[in-house]
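Below is entry.txt, which holds compact mmCIF, C-alpha atoms.
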```txt
# COMPACT_ATOMS: atom_id res chain seq x y z
CA MET A 1 26.57 -36.38 64.56
CA LYS A 2 24.92 -33.19 63.33
CA THR A 3 26.67 -30.63 61.09
CA LEU A 4 26.69 -26.86 61.12
CA LEU A 5 28.16 -25.71 57.81
CA ILE A 6 29.39 -22.14 57.35
CA LEU A 7 30.15 -20.87 53.85
CA GLY A 8 32.69 -18.05 53.94
CA ALA A 9 35.44 -17.35 56.48
CA GLY A 10 35.39 -13.58 56.30
CA THR A 11 34.23 -11.40 59.17
CA GLY A 12 30.73 -12.83 59.59
CA GLY A 13 31.66 -16.47 59.03
CA THR A 14 34.67 -16.39 61.34
CA MET A 15 32.76 -14.72 64.18
CA THR A 16 29.93 -17.24 63.78
CA ALA A 17 32.32 -20.21 63.90
CA ASN A 18 33.98 -18.91 67.06
CA GLN A 19 30.70 -18.26 68.83
CA MET A 20 29.01 -21.51 67.84
CA ALA A 21 32.08 -23.52 68.87
CA ARG A 22 31.45 -22.26 72.41
CA HIS A 23 27.78 -23.24 72.39
CA LEU A 24 27.63 -26.59 70.60
CA ASP A 25 28.62 -29.88 72.24
CA PRO A 26 31.50 -31.29 70.12
CA THR A 27 30.26 -34.84 70.80
CA GLU A 28 26.98 -33.96 69.07
CA TRP A 29 27.93 -31.31 66.53
CA LYS A 30 30.54 -30.92 63.84
CA ILE A 31 31.30 -27.39 62.66
CA ILE A 32 32.74 -26.98 59.16
CA ILE A 33 33.70 -23.71 57.49
CA VAL A 34 34.51 -23.44 53.77
CA ASP A 35 36.35 -20.66 51.97
CA ARG A 36 38.29 -20.42 48.71
CA ASP A 37 41.05 -18.14 50.06
CA GLU A 38 43.54 -18.92 52.83
CA ASN A 39 44.07 -15.21 53.56
CA HIS A 40 41.84 -13.06 55.72
CA TYR A 41 41.62 -9.42 54.65
CA TYR A 42 40.99 -6.47 56.95
CA GLN A 43 38.93 -4.65 54.36
CA PRO A 44 38.62 -1.27 56.15
CA GLY A 45 42.40 -1.04 55.80
CA PHE A 46 42.27 -1.05 51.99
CA LEU A 47 41.30 2.63 52.17
CA PHE A 48 44.68 3.60 53.63
CA ILE A 49 46.92 1.72 51.16
CA PRO A 50 46.70 4.26 48.28
CA PHE A 51 48.05 6.97 50.57
CA GLY A 52 50.91 4.92 52.05
CA ILE A 53 49.38 4.80 55.55
CA TYR A 54 49.07 1.00 55.45
CA THR A 55 50.75 -1.63 53.30
CA SER A 56 49.24 -4.91 52.16
CA GLY A 57 51.02 -6.63 55.07
CA ASP A 58 48.91 -4.65 57.53
CA VAL A 59 45.63 -6.01 56.17
CA ILE A 60 46.35 -9.70 55.47
CA LYS A 61 46.65 -12.60 57.92
CA PRO A 62 46.03 -16.39 57.62
CA LYS A 63 42.41 -17.38 58.20
CA ARG A 64 43.47 -20.41 60.25
CA ASN A 65 44.83 -18.07 62.94
CA PHE A 66 41.33 -16.97 63.89
CA LEU A 67 39.42 -20.25 64.10
CA PRO A 68 39.22 -22.63 67.08
CA PRO A 69 40.81 -26.09 66.66
CA GLN A 70 37.47 -27.94 66.78
CA VAL A 71 36.27 -26.16 63.61
CA GLU A 72 37.14 -28.03 60.41
CA MET A 73 38.52 -25.58 57.81
CA ILE A 74 38.22 -26.52 54.13
CA PHE A 75 39.78 -24.39 51.40
CA SER A 76 37.79 -24.93 48.23
CA ASP A 77 35.52 -23.24 45.73
CA ILE A 78 31.85 -24.05 46.16
CA GLU A 79 30.29 -25.63 43.11
CA LEU A 80 26.65 -25.65 44.21
CA ILE A 81 24.38 -25.23 47.21
CA GLU A 82 21.39 -27.56 47.18
CA PRO A 83 19.23 -26.27 50.04
CA ASP A 84 16.29 -28.57 49.27
CA GLU A 85 18.64 -31.52 49.79
CA ASN A 86 20.58 -29.95 52.71
CA ARG A 87 23.91 -30.38 50.95
CA VAL A 88 26.72 -28.41 49.37
CA ARG A 89 28.99 -29.56 46.55
CA LEU A 90 32.63 -28.43 46.62
CA THR A 91 35.00 -28.37 43.65
CA ARG A 92 37.82 -29.83 45.77
CA GLN A 93 37.84 -33.60 45.29
CA ASN A 94 34.15 -33.34 44.29
CA ARG A 95 33.31 -33.43 47.98
CA VAL A 96 29.68 -33.27 49.09
CA ILE A 97 28.85 -31.98 52.58
CA HIS A 98 25.48 -32.76 54.12
CA TYR A 99 24.38 -30.27 56.76
CA ASP A 100 21.67 -29.79 59.36
CA TYR A 101 22.13 -26.02 59.49
CA LEU A 102 23.73 -23.72 56.95
CA VAL A 103 25.09 -20.22 57.60
CA ILE A 104 25.86 -18.27 54.44
CA ALA A 105 28.61 -15.67 54.87
CA THR A 106 29.87 -15.45 51.30
CA GLY A 107 30.00 -11.67 51.26
CA THR A 108 30.03 -9.45 48.22
CA HIS A 109 32.65 -8.78 45.54
CA LEU A 110 33.52 -6.32 42.77
CA VAL A 111 32.28 -6.85 39.23
CA PRO A 112 33.92 -4.09 37.15
CA GLU A 113 32.99 -5.95 33.95
CA GLU A 114 29.36 -4.97 34.54
CA THR A 115 30.16 -1.42 33.39
CA PRO A 116 30.93 -1.20 29.65
CA GLY A 117 34.48 -0.01 28.98
CA MET A 118 35.67 -0.07 32.59
CA VAL A 119 38.26 -2.80 32.12
CA ASP A 120 39.08 -1.84 28.55
CA GLY A 121 42.36 0.00 28.11
CA GLY A 122 42.63 2.08 31.27
CA TRP A 123 42.13 -0.53 33.98
CA ARG A 124 44.91 -0.28 36.57
CA LYS A 125 46.63 2.35 34.38
CA ASN A 126 44.51 5.42 35.09
CA VAL A 127 41.33 3.60 36.19
CA PHE A 128 41.55 2.09 39.67
CA ASP A 129 39.51 0.66 42.49
CA PHE A 130 40.55 0.69 46.14
CA TYR A 131 38.15 -2.02 47.33
CA SER A 132 40.73 -4.75 46.67
CA VAL A 133 44.33 -5.15 47.79
CA ASP A 134 45.56 -5.27 44.20
CA GLY A 135 43.59 -2.17 43.22
CA ALA A 136 44.62 -0.17 46.29
CA THR A 137 48.29 -1.13 45.80
CA ALA A 138 48.22 -0.19 42.10
CA LEU A 139 46.63 3.15 43.00
CA ASN A 140 49.35 3.75 45.60
CA ARG A 141 52.02 3.31 42.91
CA PHE A 142 50.17 5.72 40.61
CA LEU A 143 49.63 8.47 43.19
CA LYS A 144 53.28 8.46 44.28
CA PHE A 145 54.29 10.06 41.00
CA TRP A 146 51.10 11.82 39.89
CA LYS A 147 51.67 15.53 39.32
CA GLY A 148 48.03 16.57 39.36
CA GLY A 149 45.00 16.90 37.13
CA ARG A 150 41.37 15.87 37.46
CA MET A 151 40.53 12.98 39.79
CA VAL A 152 37.01 11.62 39.43
CA VAL A 153 35.70 9.32 42.16
CA ASN A 154 32.66 7.39 40.94
CA VAL A 155 30.23 4.98 42.60
CA VAL A 156 28.64 2.85 39.89
CA GLU A 157 25.53 1.70 41.76
CA MET A 158 24.25 0.85 45.22
CA PRO A 159 24.49 -1.19 47.38
CA ILE A 160 28.23 -1.23 47.98
CA LYS A 161 30.46 -2.43 50.79
CA CYS A 162 30.96 0.31 53.36
CA PRO A 163 28.91 3.15 51.82
CA VAL A 164 31.05 5.81 53.54
CA ALA A 165 34.33 4.55 52.05
CA PRO A 166 34.14 6.66 48.83
CA LEU A 167 33.75 9.80 50.98
CA GLU A 168 36.64 8.70 53.19
CA PHE A 169 38.79 8.23 50.11
CA ILE A 170 37.95 11.73 48.89
CA PHE A 171 38.72 13.34 52.25
CA LEU A 172 42.01 11.46 52.52
CA ALA A 173 42.89 12.40 48.94
CA ASP A 174 42.29 16.06 49.81
CA TRP A 175 44.61 15.68 52.82
CA PHE A 176 47.21 13.70 50.81
CA PHE A 177 47.47 16.30 48.05
CA HIS A 178 47.76 19.07 50.64
CA GLN A 179 50.61 17.14 52.27
CA ARG A 180 52.38 16.85 48.94
CA GLY A 181 51.85 20.54 48.17
CA ILE A 182 49.88 19.91 44.97
CA ARG A 183 46.27 20.35 46.14
CA ASP A 184 45.95 23.48 44.00
CA LYS A 185 46.87 21.35 40.98
CA VAL A 186 44.21 18.69 41.63
CA GLU A 187 40.51 18.95 40.86
CA ILE A 188 38.39 16.35 42.69
CA ILE A 189 34.90 15.37 41.53
CA PHE A 190 32.59 12.91 43.28
CA ALA A 191 30.07 11.35 40.86
CA THR A 192 27.45 9.29 42.67
CA PRO A 193 24.07 7.79 41.77
CA LEU A 194 22.70 9.11 45.08
CA PRO A 195 20.84 12.44 45.29
CA GLY A 196 23.45 13.65 47.77
CA ALA A 197 26.73 12.74 49.40
CA PHE A 198 25.30 9.85 51.45
CA THR A 199 22.27 7.60 51.80
CA LYS A 200 20.81 9.28 54.91
CA PRO A 201 19.53 12.88 54.51
CA ARG A 202 20.91 14.49 57.68
CA ALA A 203 24.35 12.95 57.32
CA SER A 204 24.27 13.66 53.59
CA ALA A 205 23.78 17.38 54.23
CA ILE A 206 26.69 17.57 56.67
CA LEU A 207 29.01 15.50 54.48
CA GLY A 208 27.95 17.48 51.40
CA ASN A 209 28.89 20.70 53.16
CA MET A 210 32.30 19.21 53.97
CA LEU A 211 32.83 18.45 50.30
CA SER A 212 31.90 21.99 49.36
CA GLU A 213 34.19 23.50 52.00
CA ARG A 214 37.09 21.50 50.57
CA GLN A 215 36.27 22.57 47.01
CA ILE A 216 35.25 19.08 45.96
CA ARG A 217 32.53 19.04 43.33
CA LEU A 218 29.54 16.76 43.91
CA GLU A 219 27.90 15.37 40.77
CA SER A 220 24.74 13.74 42.14
CA GLU A 221 22.33 11.30 40.47
CA PHE A 222 25.07 10.31 38.05
CA ASN A 223 24.14 6.84 36.82
CA ILE A 224 27.11 5.72 34.81
CA MET A 225 26.44 4.11 31.43
CA GLU A 226 30.02 3.55 30.29
CA VAL A 227 33.67 4.35 30.69
CA ASP A 228 35.15 5.79 27.50
CA ALA A 229 38.77 4.87 28.19
CA GLY A 230 39.92 6.12 24.79
CA ASN A 231 38.77 9.65 25.60
CA ASN A 232 39.25 9.44 29.38
CA LEU A 233 35.67 10.22 30.34
CA ILE A 234 32.67 8.62 31.98
CA ARG A 235 29.20 8.97 30.49
CA SER A 236 25.84 8.70 32.27
CA TYR A 237 22.52 7.42 30.97
CA ASP A 238 21.28 11.01 30.70
CA ASN A 239 24.30 11.83 28.48
CA ARG A 240 26.31 13.80 31.02
CA GLU A 241 30.04 13.43 30.47
CA ILE A 242 32.81 13.89 33.02
CA PRO A 243 36.40 13.84 31.71
CA TYR A 244 39.10 12.49 34.01
CA ASP A 245 42.86 12.17 34.24
CA VAL A 246 42.49 9.45 36.84
CA LEU A 247 39.27 7.58 37.61
CA VAL A 248 38.85 6.00 41.04
CA THR A 249 35.80 3.78 40.80
CA VAL A 250 33.66 1.74 43.13
CA PRO A 251 32.43 -0.89 40.67
CA THR A 252 29.19 -2.83 40.90
CA ASN A 253 29.09 -5.03 44.00
CA MET A 254 27.40 -8.42 43.76
CA GLY A 255 26.94 -11.46 45.95
CA ALA A 256 28.81 -14.70 45.32
CA ASP A 257 28.38 -16.42 41.96
CA VAL A 258 27.46 -19.68 43.70
CA ILE A 259 24.34 -17.99 45.07
CA GLU A 260 23.21 -17.36 41.49
CA ARG A 261 24.13 -20.87 40.36
CA SER A 262 22.17 -22.31 43.25
CA GLY A 263 19.05 -20.22 42.55
CA MET A 264 19.13 -18.71 46.03
CA GLY A 265 19.58 -15.00 45.35
CA ASP A 266 18.02 -11.85 43.96
CA GLU A 267 19.21 -10.01 40.82
CA LEU A 268 22.46 -9.03 42.59
CA ASN A 269 23.00 -12.52 44.06
CA TYR A 270 22.05 -11.56 47.62
CA VAL A 271 20.07 -14.09 49.65
CA PRO A 272 16.57 -12.86 50.66
CA VAL A 273 16.17 -12.99 54.44
CA ASN A 274 13.81 -11.85 57.14
CA LYS A 275 15.53 -8.54 57.90
CA HIS A 276 14.87 -8.86 61.63
CA THR A 277 15.72 -12.56 62.24
CA LEU A 278 18.37 -13.14 59.50
CA GLN A 279 16.68 -16.42 58.57
CA SER A 280 16.29 -17.29 54.89
CA GLN A 281 12.84 -16.51 53.54
CA ARG A 282 12.68 -19.92 51.82
CA TRP A 283 14.67 -22.40 53.89
CA GLU A 284 14.20 -22.43 57.66
CA ASN A 285 17.58 -24.08 58.39
CA VAL A 286 19.49 -21.53 56.30
CA TRP A 287 20.73 -18.29 57.90
CA VAL A 288 22.72 -15.40 56.48
CA ILE A 289 25.15 -12.97 58.11
CA GLY A 290 26.91 -9.91 56.77
CA ASP A 291 27.08 -8.72 53.19
CA ALA A 292 25.59 -11.89 51.65
CA SER A 293 21.98 -11.04 52.52
CA ASN A 294 19.52 -8.60 50.99
CA ALA A 295 18.77 -6.98 54.36
CA PRO A 296 18.40 -3.22 53.67
CA THR A 297 21.29 -2.14 55.89
CA SER A 298 24.88 -1.11 55.26
CA LYS A 299 27.20 -3.80 53.95
CA ALA A 300 29.88 -3.24 56.57
CA GLY A 301 31.79 -5.20 59.20
CA SER A 302 30.07 -3.36 62.04
CA VAL A 303 26.70 -4.62 60.79
CA ALA A 304 27.94 -8.23 60.78
CA HIS A 305 29.12 -7.70 64.36
CA PHE A 306 25.74 -6.32 65.46
CA GLN A 307 24.00 -9.20 63.66
CA LEU A 308 26.17 -11.83 65.35
CA GLU A 309 24.53 -11.98 68.79
CA ILE A 310 21.06 -12.13 67.24
CA LEU A 311 22.07 -14.75 64.68
CA ILE A 312 23.61 -16.98 67.36
CA GLU A 313 20.59 -16.65 69.64
CA ASN A 314 18.17 -17.44 66.81
CA LEU A 315 20.21 -20.42 65.60
CA LEU A 316 20.28 -21.88 69.10
CA ARG A 317 16.57 -21.20 69.58
CA HIS A 318 15.73 -22.91 66.31
CA MET A 319 17.87 -25.93 67.25
CA GLU A 320 15.72 -26.21 70.39
CA GLY A 321 12.47 -26.00 68.41
CA LEU A 322 11.73 -22.37 69.30
CA ASP A 323 10.78 -19.54 66.97
CA PRO A 324 13.49 -16.99 66.10
CA LEU A 325 13.19 -13.55 67.66
CA PRO A 326 12.89 -10.50 65.34
CA LYS A 327 15.55 -8.48 67.16
CA PHE A 328 17.91 -7.15 64.47
CA ASP A 329 17.10 -3.48 63.85
CA GLY A 330 19.59 -2.75 61.05
CA HIS A 331 22.13 -1.25 63.45
CA ALA A 332 25.20 0.18 61.68
CA ASN A 333 28.09 2.14 63.14
CA CYS A 334 30.78 3.69 60.95
CA PHE A 335 33.85 5.83 61.51
CA ILE A 336 34.40 8.22 58.60
CA GLU A 337 38.03 9.23 58.22
CA SER A 338 37.96 12.90 57.19
CA GLY A 339 41.69 13.65 56.82
CA PHE A 340 44.07 15.84 58.82
CA GLU A 341 43.89 13.33 61.72
CA LYS A 342 40.17 13.85 62.26
CA GLY A 343 37.15 11.66 61.81
CA ILE A 344 33.37 11.48 62.13
CA LEU A 345 31.23 8.73 63.65
CA ILE A 346 27.70 7.82 62.60
CA ASP A 347 25.32 5.40 64.34
CA PHE A 348 21.95 4.48 62.82
CA ASN A 349 19.52 1.66 62.01
CA TYR A 350 16.60 0.81 59.74
CA ASP A 351 14.38 3.54 61.15
CA VAL A 352 16.65 6.17 62.71
CA GLU A 353 19.12 8.15 60.61
CA PRO A 354 22.48 9.34 62.02
CA LEU A 355 22.02 11.91 64.78
CA PRO A 356 24.46 14.13 66.69
CA GLY A 357 25.50 13.17 70.21
CA LYS A 358 28.08 11.15 72.12
CA PHE A 359 28.97 7.44 71.81
CA PRO A 360 29.08 4.94 73.45
CA LEU A 361 28.61 6.64 76.85
CA PRO A 362 25.77 9.22 76.83
CA GLY A 363 27.07 12.72 77.43
CA PHE A 364 30.68 11.54 77.70
CA GLY A 365 31.60 9.63 74.58
CA PRO A 366 34.53 9.69 74.05
CA PHE A 367 33.38 9.62 70.41
CA SER A 368 31.36 12.45 68.85
CA LEU A 369 28.48 11.63 66.52
CA LEU A 370 28.11 13.58 63.27
CA LYS A 371 31.00 15.83 64.23
CA GLU A 372 34.68 15.88 63.28
CA SER A 373 37.14 15.16 66.08
CA PRO A 374 40.69 13.80 66.56
CA VAL A 375 39.29 11.17 68.96
CA ASN A 376 37.15 9.74 66.16
CA HIS A 377 40.24 9.47 63.96
CA TRP A 378 42.15 7.55 66.62
CA GLY A 379 39.14 5.33 67.18
CA LYS A 380 39.27 4.44 63.50
CA MET A 381 43.00 3.74 63.63
CA MET A 382 42.74 1.64 66.82
CA PHE A 383 40.00 -0.49 65.35
CA ARG A 384 42.46 -2.55 63.32
CA TRP A 385 43.94 -4.00 66.53
CA ILE A 386 40.45 -4.58 67.95
CA TYR A 387 39.40 -6.31 64.74
CA TRP A 388 42.28 -8.81 64.71
CA ASN A 389 42.37 -9.46 68.46
CA VAL A 390 38.79 -9.14 69.70
CA LEU A 391 36.05 -8.86 67.08
CA LEU A 392 37.08 -11.73 64.77
CA LYS A 393 37.33 -14.10 67.72
CA GLY A 394 33.73 -13.36 68.63
CA GLU A 395 34.67 -11.77 71.94
CA GLU A 396 32.39 -9.43 73.87
CA MET A 397 32.41 -5.81 72.71
CA PRO A 398 31.04 -2.87 74.76
CA PHE A 399 28.30 -2.13 72.22
CA GLU A 400 24.72 -3.37 72.15
CA SER A 401 23.39 -5.16 69.07
CA GLN A 402 20.37 -2.85 68.98
CA MET A 403 20.91 0.84 68.44
CA SER A 404 20.35 2.99 71.50
CA MET A 405 18.97 6.53 71.49
CA ALA A 406 20.87 7.30 74.71
CA GLY A 407 23.35 10.12 74.15
CA LYS A 408 21.78 11.18 70.84
CA TRP A 409 20.22 14.58 70.25
CA SER A 410 17.17 14.36 68.03
```

Mind turning the file's structure into structure tokens?
Amino acid sequence: MKTLLILGAGTGGTMTANQMARHLDPTEWKIIIVDRDENHYYQPGFLFIPFGIYTSGDVIKPKRNFLPPQVEMIFSDIELIEPDENRVRLTRQNRVIHYDYLVIATGTHLVPEETPGMVDGGWRKNVFDFYSVDGATALNRFLKFWKGGRMVVNVVEMPIKCPVAPLEFIFLADWFFHQRGIRDKVEIIFATPLPGAFTKPRASAILGNMLSERQIRLESEFNIMEVDAGNNLIRSYDNREIPYDVLVTVPTNMGADVIERSGMGDELNYVPVNKHTLQSQRWENVWVIGDASNAPTSKAGSVAHFQLEILIENLLRHMEGLDPLPKFDGHANCFIESGFEKGILIDFNYDVEPLPGKFPLPGFGPFSLLKESPVNHWGKMMFRWIYWNVLLKGEEMPFESQMSMAGKWS
């Protein structure tokens, strides 16, 4: 009996387990998936919790609900991956699992301790994140009674999960304070290490204009050195200081600690892969999906979905002794909630930045690219149902893995 071992039962790991369970003969293959947490989190929903649009109950479901019965689910921390020996050591009962193929889907997580002063004094009092359920819920409690002042939204360093999320938070905050009638009492500043509002120039210009129109100050190339919680300010390496009344931070994101312990990652604990095949650069029976790799694309659920078909095909090809196909083009697709029941959609890959147009049907849409529309907002809101009921189960979606230029205006 051969073993396919999947580490991580988040978006990428769960989709992989569902797809491979359909392809592998259960009399020949055993599929095992390991995760430390019994809860599955709909991470795009964290954004809405601070503003009372979602609650924690809307974004949490049991992981077991989304896996087929033939997949063995083990809840345990991972002590060590030993890829040269084709085995993984778990902390639970000191179990050792020998594998024939390994799929790493361990994701990325917040490390606020990496920034001096961030967790000293103000953490979860007037310094918050919204990339975790606990952080988003604490921020919700704070904003309910906040009377106004200076809100600073800061990205510590790239890469981060869902690069558009800080902008979405800012746009929703602008809408939220308007709804409460206190927008004139709130100053919003976006401090980012990027040279503009976003990573891609054309989208950055459009999104930067939206910030300006909403009287949101952009502080670009701000590389934070420390949080001075005693004086309520953040300080950059070039000695710029930005005072705050409330700091909403996107802390350093890093890959799983076990990747570092196992000597498999780069300086941020991401596994180096061939960016087109998703195969490990060092171990030919090790594959990576989603946020856990160093592929230079957005760390977002849509990317894991676009990687899935290519990962499955390449795994099956390799099992048959064939070479993997270099088909992944870095495709990413992101709804950007812009407040006031409108949204923007961007679609891009390694080589092509976001362009205007219609998606997914050329000339028809119904979604508009690089343009605000109510339809884009409702697409974002509907996606939660699609995520739980279609995407996680590895079902077919009406989108190609590779980005198409059809319907785009260059």

> Nearest to Pro159 (chain A) among A:Pro296, A:Gly122, A:Gly135, A:Gly230, with distances taken over all atoms listed in the file: which residue is it?
Replying inline: A:Pro296

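Here CA of Val258 (chain A) is placed at a distance of 16.3 Å from CA of Gly290 (chain A).
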
> CA of Arg92 (chain A) to CA of Asp77 (chain A): how many Å, to one decimal?
Replying inline: 7.0 Å

>> Let me make sure I understand: among A:Leu80, A:Ile312, A:Met405, A:Ile234, which one has the smallest atom-to-atom distance to Met264 (chain A) if we use only C-alpha atoms?
In response: A:Leu80

> Which residue out of A:Thr277, A:Thr106, A:Gln70, A:Gln43 has the minimum interatomic distance to Ile6 (chain A) when only C-alpha atoms are used?
Replying inline: A:Thr106

> Which is closer to Thr27 (chain A) than all the others in A:Ser220, A:Gln402, A:Thr3, A:Asn209, using all atoms listed in the file?
Replying inline: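 Checking each of A:Ser220, A:Gln402, A:Thr3, A:Asn209 against Thr27 (chain A), counting all atoms listed in the file, the winner is A:Thr3.
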
> Expressed in Å to a single decimal, how great is the separation between CA of Leu207 (chain A) and CA of Gly52 (chain A)?
Replying inline: 24.4 Å

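When only C-alpha atoms are used to compute distances to Val250 (chain A), the closest of the residues A:Leu67, A:Leu392, A:Ile33, A:Leu167 turns out to be A:Leu167.
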
> Which neighbours of Pro26 (chain A) fall inside 10 Å, counting only C-alpha atoms, when residues of the same chain fewer than 4 positions from it are skipped, and could you give them as a list of chain:residue names?
Replying inline: A:Met1, A:Lys2, A:Ala21, A:Arg22, A:Lys30, A:Ile31, A:Gln70, A:Val71

>> List as number ranges by chain the protein and nucleic acid residues near Gln281 (chain A), meaning an atom at most 8 Å away when all atoms listed in the file are counted, but skip any in the same chain fewer than 6 places from it.
In response: A: 272-274

> Can you list, as a PyMOL selection string, every protein, DNA or RNA residue that comes within 12 Å of Glu309 (chain A) when you count all atoms listed in the file, leaving out same-chain residues fewer than 2 positions away?
Replying inline: chain A and resi 12+15-16+18-20+277-278+289+303-307+311-316+325+327-328+394-397+399-402

> Around (24.6, 10.1, 27.0) in the file's frame, which residues reach within 12 Å when counting only C-alpha atoms? Return as a ChimeraX atom specification?
Replying inline: /A:222-228,233-242

> Could you pull the residues within 12 Å of Ala197 (chain A), counting only C-alpha atoms, minus those fewer than 3 positions along the same chain, as JSON, numbers by chain?
Replying inline: {"A": [154, 155, 163, 164, 165, 166, 167, 168, 170, 189, 190, 191, 192, 193, 194, 200, 201, 202, 203, 204, 205, 206, 207, 208, 209, 210, 211, 212, 216, 217, 218, 219, 220, 221, 222]}

Give me, as a PDB file with C-alpha atoms, in the frame of the given file, all polymer residues having an atom no more than 9 Å from Ile78 (chain A), counting only C-alpha atoms and skipping those fewer than 6 positions away in the same chain.
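That gives us part37.pdb:
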```pdb
ATOM      1  CA  LEU A   7      30.150 -20.870  53.850  1.00  0.00           C
ATOM      2  CA  VAL A  34      34.510 -23.440  53.770  1.00  0.00           C
ATOM      3  CA  ASP A  35      36.350 -20.660  51.970  1.00  0.00           C
ATOM      4  CA  ARG A  36      38.290 -20.420  48.710  1.00  0.00           C
ATOM      5  CA  VAL A  88      26.720 -28.410  49.370  1.00  0.00           C
ATOM      6  CA  ARG A  89      28.990 -29.560  46.550  1.00  0.00           C
ATOM      7  CA  LEU A  90      32.630 -28.430  46.620  1.00  0.00           C
ATOM      8  CA  THR A  91      35.000 -28.370  43.650  1.00  0.00           C
ATOM      9  CA  ARG A  92      37.820 -29.830  45.770  1.00  0.00           C
ATOM     10  CA  VAL A 258      27.460 -19.680  43.700  1.00  0.00           C
TER      11      VAL A 258
END
```
